[in-house]
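Listing of model21.txt, compact mmCIF, C-alpha atoms
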```
# COMPACT_ATOMS: atom_id res chain seq x y z
CA MET A 222 -6.94 -2.51 9.41
CA PRO A 223 -8.49 0.67 10.89
CA ILE A 224 -9.53 3.26 8.33
CA THR A 225 -10.42 6.85 9.17
CA ASN A 226 -12.31 8.78 6.51
CA SER A 227 -12.25 12.54 6.22
CA PRO A 228 -13.05 14.80 3.29
CA SER A 229 -9.41 15.22 2.30
CA SER A 230 -7.73 11.97 3.29
CA VAL A 231 -7.96 8.33 4.23
CA THR A 232 -5.60 7.01 6.89
CA THR A 233 -4.98 3.28 7.12
CA THR A 234 -2.81 1.55 9.68
CA ILE A 235 -0.78 -1.23 8.05
CA ARG A 236 0.52 -3.90 10.39
CA GLN A 237 1.25 -6.72 7.94
CA SER A 238 2.18 -7.02 4.28
CA GLU A 239 -1.23 -8.60 3.65
CA ASP A 240 -2.92 -5.39 4.88
CA LEU A 241 -0.98 -3.36 2.34
CA GLY A 242 -1.81 -5.86 -0.40
CA LYS A 243 -5.54 -5.61 0.32
CA LEU A 244 -5.38 -1.83 0.23
CA VAL A 245 -3.50 -1.80 -3.09
CA ARG A 246 -6.00 -4.25 -4.59
CA GLN A 247 -8.94 -2.16 -3.38
CA LEU A 248 -7.59 1.13 -4.73
CA ARG A 249 -6.50 -0.42 -8.03
CA ALA A 250 -10.01 -1.80 -8.55
CA GLU A 251 -11.62 1.51 -7.55
CA GLN A 252 -9.50 3.21 -10.21
CA GLY A 253 -10.68 0.71 -12.83
CA LEU A 254 -7.22 -0.74 -13.40
CA LEU A 255 -6.34 -4.36 -14.07
CA GLN A 256 -3.21 -5.79 -12.50
CA ILE A 257 -1.54 -5.77 -15.92
CA ASP A 258 -2.46 -2.08 -16.34
CA LEU A 259 -0.86 -1.14 -13.02
CA ALA A 260 2.21 -3.22 -13.85
CA GLY A 261 2.61 -1.37 -17.14
CA LEU A 262 2.25 2.03 -15.48
CA ALA A 263 4.76 1.03 -12.80
CA GLY A 264 7.25 -0.39 -15.29
CA THR A 265 7.25 -3.74 -13.55
CA GLY A 266 6.05 -7.22 -14.32
CA ASN A 267 2.51 -8.38 -13.66
CA ARG A 268 3.91 -10.94 -11.20
CA PHE A 269 5.15 -8.11 -8.96
CA ILE A 270 1.63 -6.65 -8.70
CA VAL A 271 0.17 -10.09 -8.01
CA ASP A 272 2.74 -10.67 -5.25
CA LEU A 273 2.17 -7.19 -3.79
CA GLU A 274 -1.59 -7.73 -3.61
CA ARG A 275 -1.08 -11.13 -1.98
CA GLY A 276 1.09 -9.53 0.68
CA LYS A 277 4.42 -11.12 -0.19
CA PRO A 278 6.74 -9.77 2.53
CA THR A 279 10.00 -9.85 0.54
CA LEU A 280 9.24 -7.42 -2.26
CA GLN A 281 11.66 -4.63 -3.15
CA LEU A 282 10.72 -1.58 -1.07
CA GLN A 283 11.38 1.05 -3.75
CA LYS A 284 9.15 -0.76 -6.25
CA VAL A 285 6.39 -0.95 -3.63
CA LEU A 286 6.75 2.77 -2.94
CA ASP A 287 6.60 3.51 -6.67
CA VAL A 288 3.35 1.54 -7.04
CA LEU A 289 1.84 3.26 -4.01
CA ASP A 290 2.71 6.63 -5.52
CA LEU A 291 1.07 5.66 -8.81
CA ILE A 292 -2.22 4.83 -7.12
CA GLY A 293 -2.15 8.01 -5.04
CA LEU A 294 -0.76 6.81 -1.72
CA GLU A 295 2.19 7.93 0.36
CA VAL A 296 3.91 6.31 3.32
CA VAL A 297 4.05 8.27 6.58
CA VAL A 298 5.98 6.83 9.51
CA ARG A 299 5.11 7.87 13.05
CA ARG A 300 5.56 6.50 16.54
CA LYS A 301 2.87 4.16 17.77
CA GLY A 302 0.31 5.75 20.04
CA GLY A 303 0.91 9.25 18.73
CA ASN A 304 2.77 11.75 20.90
CA ARG A 305 4.94 9.92 23.45
CA HIS A 306 7.91 10.87 25.59
CA GLY A 307 7.28 14.59 25.25
CA GLU A 308 7.55 14.62 21.45
```

Could you express the structure from this file as structure tokens?
Amino acid sequence: MPITNSPSSVTTTIRQSEDLGKLVRQLRAEQGLLQIDLAGLAGTGNRFIVDLERGKPTLQLQKVLDVLDLIGLEVVVRRKGGNRHGE
């Protein structure tokens, strides 16, 4: 999971659901939140947060996006390898 640090942002390449789970767990802990705290803020059950942090691949996408937003992350989709095919 490559991470690039700069003063204004952190970019992480996610290739598997487990990668995303590890990142969520890390940021939640850095923010001093328990899983139950994040679940309450997200309006979801604690089990959802546990499953997300374990990398369960079948979670509801919108709920995942909502949790990411709560911990200060956004999803950006781009082509692999950057600028290809004249784009």

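Comparing A:Ser238, A:Arg300, A:Leu255, A:Arg268 by their smallest distance to A:Leu282, the closest is A:Ser238 (using all atoms listed in the file).
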
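Distance annotation: of A:Val296, A:Asp240, A:Thr265, A:Glu251, the residue with the minimal separation from A:Gln281 is A:Thr265; atom set is all atoms listed in the file.
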
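In this model, the gap between atom CA of A:Asp272 and atom CA of A:Arg236 comes to 17.2 Å.
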
Exercise. If you count all atoms listed in the file, which residues fall within 12 Å of A:Val297, apart from same-chain ones fewer than 3 positions away, as a count of residues only?
Worked result: 9

If we count all atoms listed in the file, what is near A:Asp258 at a cut-off of 12 Å, once residues fewer than 5 positions away on the same chain are taken out, given as a compact mmCIF listing (two decimals) with C-alpha atoms, keeping the file's coordinate frame?
```txt
# COMPACT_ATOMS: atom_id res chain seq x y z
CA ARG A 249 -6.50 -0.42 -8.03
CA ALA A 250 -10.01 -1.80 -8.55
CA GLN A 252 -9.50 3.21 -10.21
CA GLY A 253 -10.68 0.71 -12.83
CA ALA A 263 4.76 1.03 -12.80
CA GLY A 264 7.25 -0.39 -15.29
CA THR A 265 7.25 -3.74 -13.55
CA GLY A 266 6.05 -7.22 -14.32
CA ASN A 267 2.51 -8.38 -13.66
CA ILE A 270 1.63 -6.65 -8.70
CA VAL A 271 0.17 -10.09 -8.01
CA VAL A 288 3.35 1.54 -7.04
CA LEU A 291 1.07 5.66 -8.81
CA ILE A 292 -2.22 4.83 -7.12
```

For this session: Please provide the set of residues having any atom within 10 Å of A:Lys243, restricted to all atoms listed in the file, with same-chain residues fewer than 3 positions apart removed, written as a VMD selection string.
Result: chain A and resid 222 238 to 240 246 to 249 273 to 276

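The interatomic distance for the pair atom CA of A:Val245 and atom CA of A:Gly302 works out to 24.6 Å.
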
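For the atom pair formed by atom CA of A:Val298 and atom CA of A:Val231, the distance is 15.0 Å, given to one decimal.
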
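For the set A:Asp290, A:Ala260, A:Val285, A:Glu295, the residue with the smallest atom-to-atom gap to A:Gly242 is A:Val285, counting only C-alpha atoms.
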
Could you rebuild stretch 247-273 of chain A with N, CA, C and O atoms and give me the result as a CSV table (one decimal), in the coordinates of the input?
```csv
chain,number,residue,atom,x,y,z
A,247,GLN,N,-7.7,-2.9,-3.5
A,247,GLN,CA,-8.9,-2.2,-3.4
A,247,GLN,C,-8.8,-0.9,-4.2
A,247,GLN,O,-9.7,-0.5,-5.0
A,248,LEU,N,-7.7,-0.1,-4.0
A,248,LEU,CA,-7.6,1.1,-4.7
A,248,LEU,C,-7.4,0.9,-6.2
A,248,LEU,O,-7.9,1.7,-7.0
A,249,ARG,N,-6.7,-0.1,-6.6
A,249,ARG,CA,-6.5,-0.4,-8.0
A,249,ARG,C,-7.9,-0.7,-8.7
A,249,ARG,O,-8.2,-0.1,-9.7
A,250,ALA,N,-8.7,-1.5,-8.0
A,250,ALA,CA,-10.0,-1.8,-8.6
A,250,ALA,C,-10.9,-0.6,-8.6
A,250,ALA,O,-11.6,-0.3,-9.6
A,251,GLU,N,-10.8,0.3,-7.6
A,251,GLU,CA,-11.6,1.5,-7.6
A,251,GLU,C,-11.2,2.4,-8.7
A,251,GLU,O,-12.1,3.2,-9.2
A,252,GLN,N,-10.0,2.4,-9.1
A,252,GLN,CA,-9.5,3.2,-10.2
A,252,GLN,C,-9.7,2.6,-11.6
A,252,GLN,O,-9.3,3.1,-12.6
A,253,GLY,N,-10.4,1.4,-11.6
A,253,GLY,CA,-10.7,0.7,-12.8
A,253,GLY,C,-9.5,0.1,-13.6
A,253,GLY,O,-9.5,0.0,-14.8
A,254,LEU,N,-8.4,-0.2,-12.8
A,254,LEU,CA,-7.2,-0.7,-13.4
A,254,LEU,C,-7.1,-2.2,-13.2
A,254,LEU,O,-7.5,-2.8,-12.1
A,255,LEU,N,-6.7,-2.9,-14.2
A,255,LEU,CA,-6.3,-4.4,-14.1
A,255,LEU,C,-4.9,-4.4,-13.5
A,255,LEU,O,-4.2,-3.5,-13.6
A,256,GLN,N,-4.6,-5.6,-13.0
A,256,GLN,CA,-3.2,-5.8,-12.5
A,256,GLN,C,-2.2,-5.5,-13.6
A,256,GLN,O,-1.2,-4.9,-13.4
A,257,ILE,N,-2.5,-6.0,-14.8
A,257,ILE,CA,-1.5,-5.8,-15.9
A,257,ILE,C,-1.4,-4.3,-16.3
A,257,ILE,O,-0.3,-3.8,-16.7
A,258,ASP,N,-2.5,-3.5,-16.1
A,258,ASP,CA,-2.5,-2.1,-16.3
A,258,ASP,C,-1.5,-1.4,-15.3
A,258,ASP,O,-0.7,-0.6,-15.7
A,259,LEU,N,-1.7,-1.7,-14.1
A,259,LEU,CA,-0.9,-1.1,-13.0
A,259,LEU,C,0.6,-1.5,-13.2
A,259,LEU,O,1.5,-0.7,-13.1
A,260,ALA,N,0.8,-2.8,-13.6
A,260,ALA,CA,2.2,-3.2,-13.8
A,260,ALA,C,2.8,-2.4,-15.0
A,260,ALA,O,4.0,-2.0,-14.9
A,261,GLY,N,2.1,-2.2,-16.0
A,261,GLY,CA,2.6,-1.4,-17.1
A,261,GLY,C,2.9,0.1,-16.7
A,261,GLY,O,4.0,0.6,-17.1
A,262,LEU,N,2.0,0.7,-16.0
A,262,LEU,CA,2.2,2.0,-15.5
A,262,LEU,C,3.5,2.1,-14.6
A,262,LEU,O,4.2,3.1,-14.6
A,263,ALA,N,3.7,1.1,-13.8
A,263,ALA,CA,4.8,1.0,-12.8
A,263,ALA,C,6.1,0.6,-13.4
A,263,ALA,O,7.1,0.6,-12.8
A,264,GLY,N,6.0,0.1,-14.6
A,264,GLY,CA,7.2,-0.4,-15.3
A,264,GLY,C,7.8,-1.7,-14.7
A,264,GLY,O,9.0,-1.9,-14.6
A,265,THR,N,6.9,-2.5,-14.2
A,265,THR,CA,7.2,-3.7,-13.6
A,265,THR,C,6.5,-4.9,-14.2
A,265,THR,O,5.6,-4.7,-15.0
A,266,GLY,N,6.8,-6.1,-13.8
A,266,GLY,CA,6.0,-7.2,-14.3
A,266,GLY,C,4.7,-7.4,-13.6
A,266,GLY,O,4.5,-7.0,-12.5
A,267,ASN,N,3.8,-8.1,-14.3
A,267,ASN,CA,2.5,-8.4,-13.7
A,267,ASN,C,2.7,-9.2,-12.4
A,267,ASN,O,1.9,-9.0,-11.4
A,268,ARG,N,3.7,-10.1,-12.4
A,268,ARG,CA,3.9,-10.9,-11.2
A,268,ARG,C,4.2,-10.1,-10.0
A,268,ARG,O,3.8,-10.5,-8.8
A,269,PHE,N,4.9,-9.0,-10.1
A,269,PHE,CA,5.2,-8.1,-9.0
A,269,PHE,C,3.9,-7.6,-8.4
A,269,PHE,O,3.7,-7.6,-7.1
A,270,ILE,N,2.9,-7.2,-9.2
A,270,ILE,CA,1.6,-6.6,-8.7
A,270,ILE,C,0.8,-7.8,-8.0
A,270,ILE,O,0.3,-7.6,-7.0
A,271,VAL,N,0.8,-8.9,-8.6
A,271,VAL,CA,0.2,-10.1,-8.0
A,271,VAL,C,0.8,-10.4,-6.6
A,271,VAL,O,0.0,-10.5,-5.6
A,272,ASP,N,2.1,-10.4,-6.5
A,272,ASP,CA,2.7,-10.7,-5.2
A,272,ASP,C,2.5,-9.6,-4.2
A,272,ASP,O,2.2,-9.8,-3.1
A,273,LEU,N,2.5,-8.3,-4.7
A,273,LEU,CA,2.2,-7.2,-3.8
A,273,LEU,C,0.8,-7.3,-3.2
A,273,LEU,O,0.5,-7.2,-2.0
```
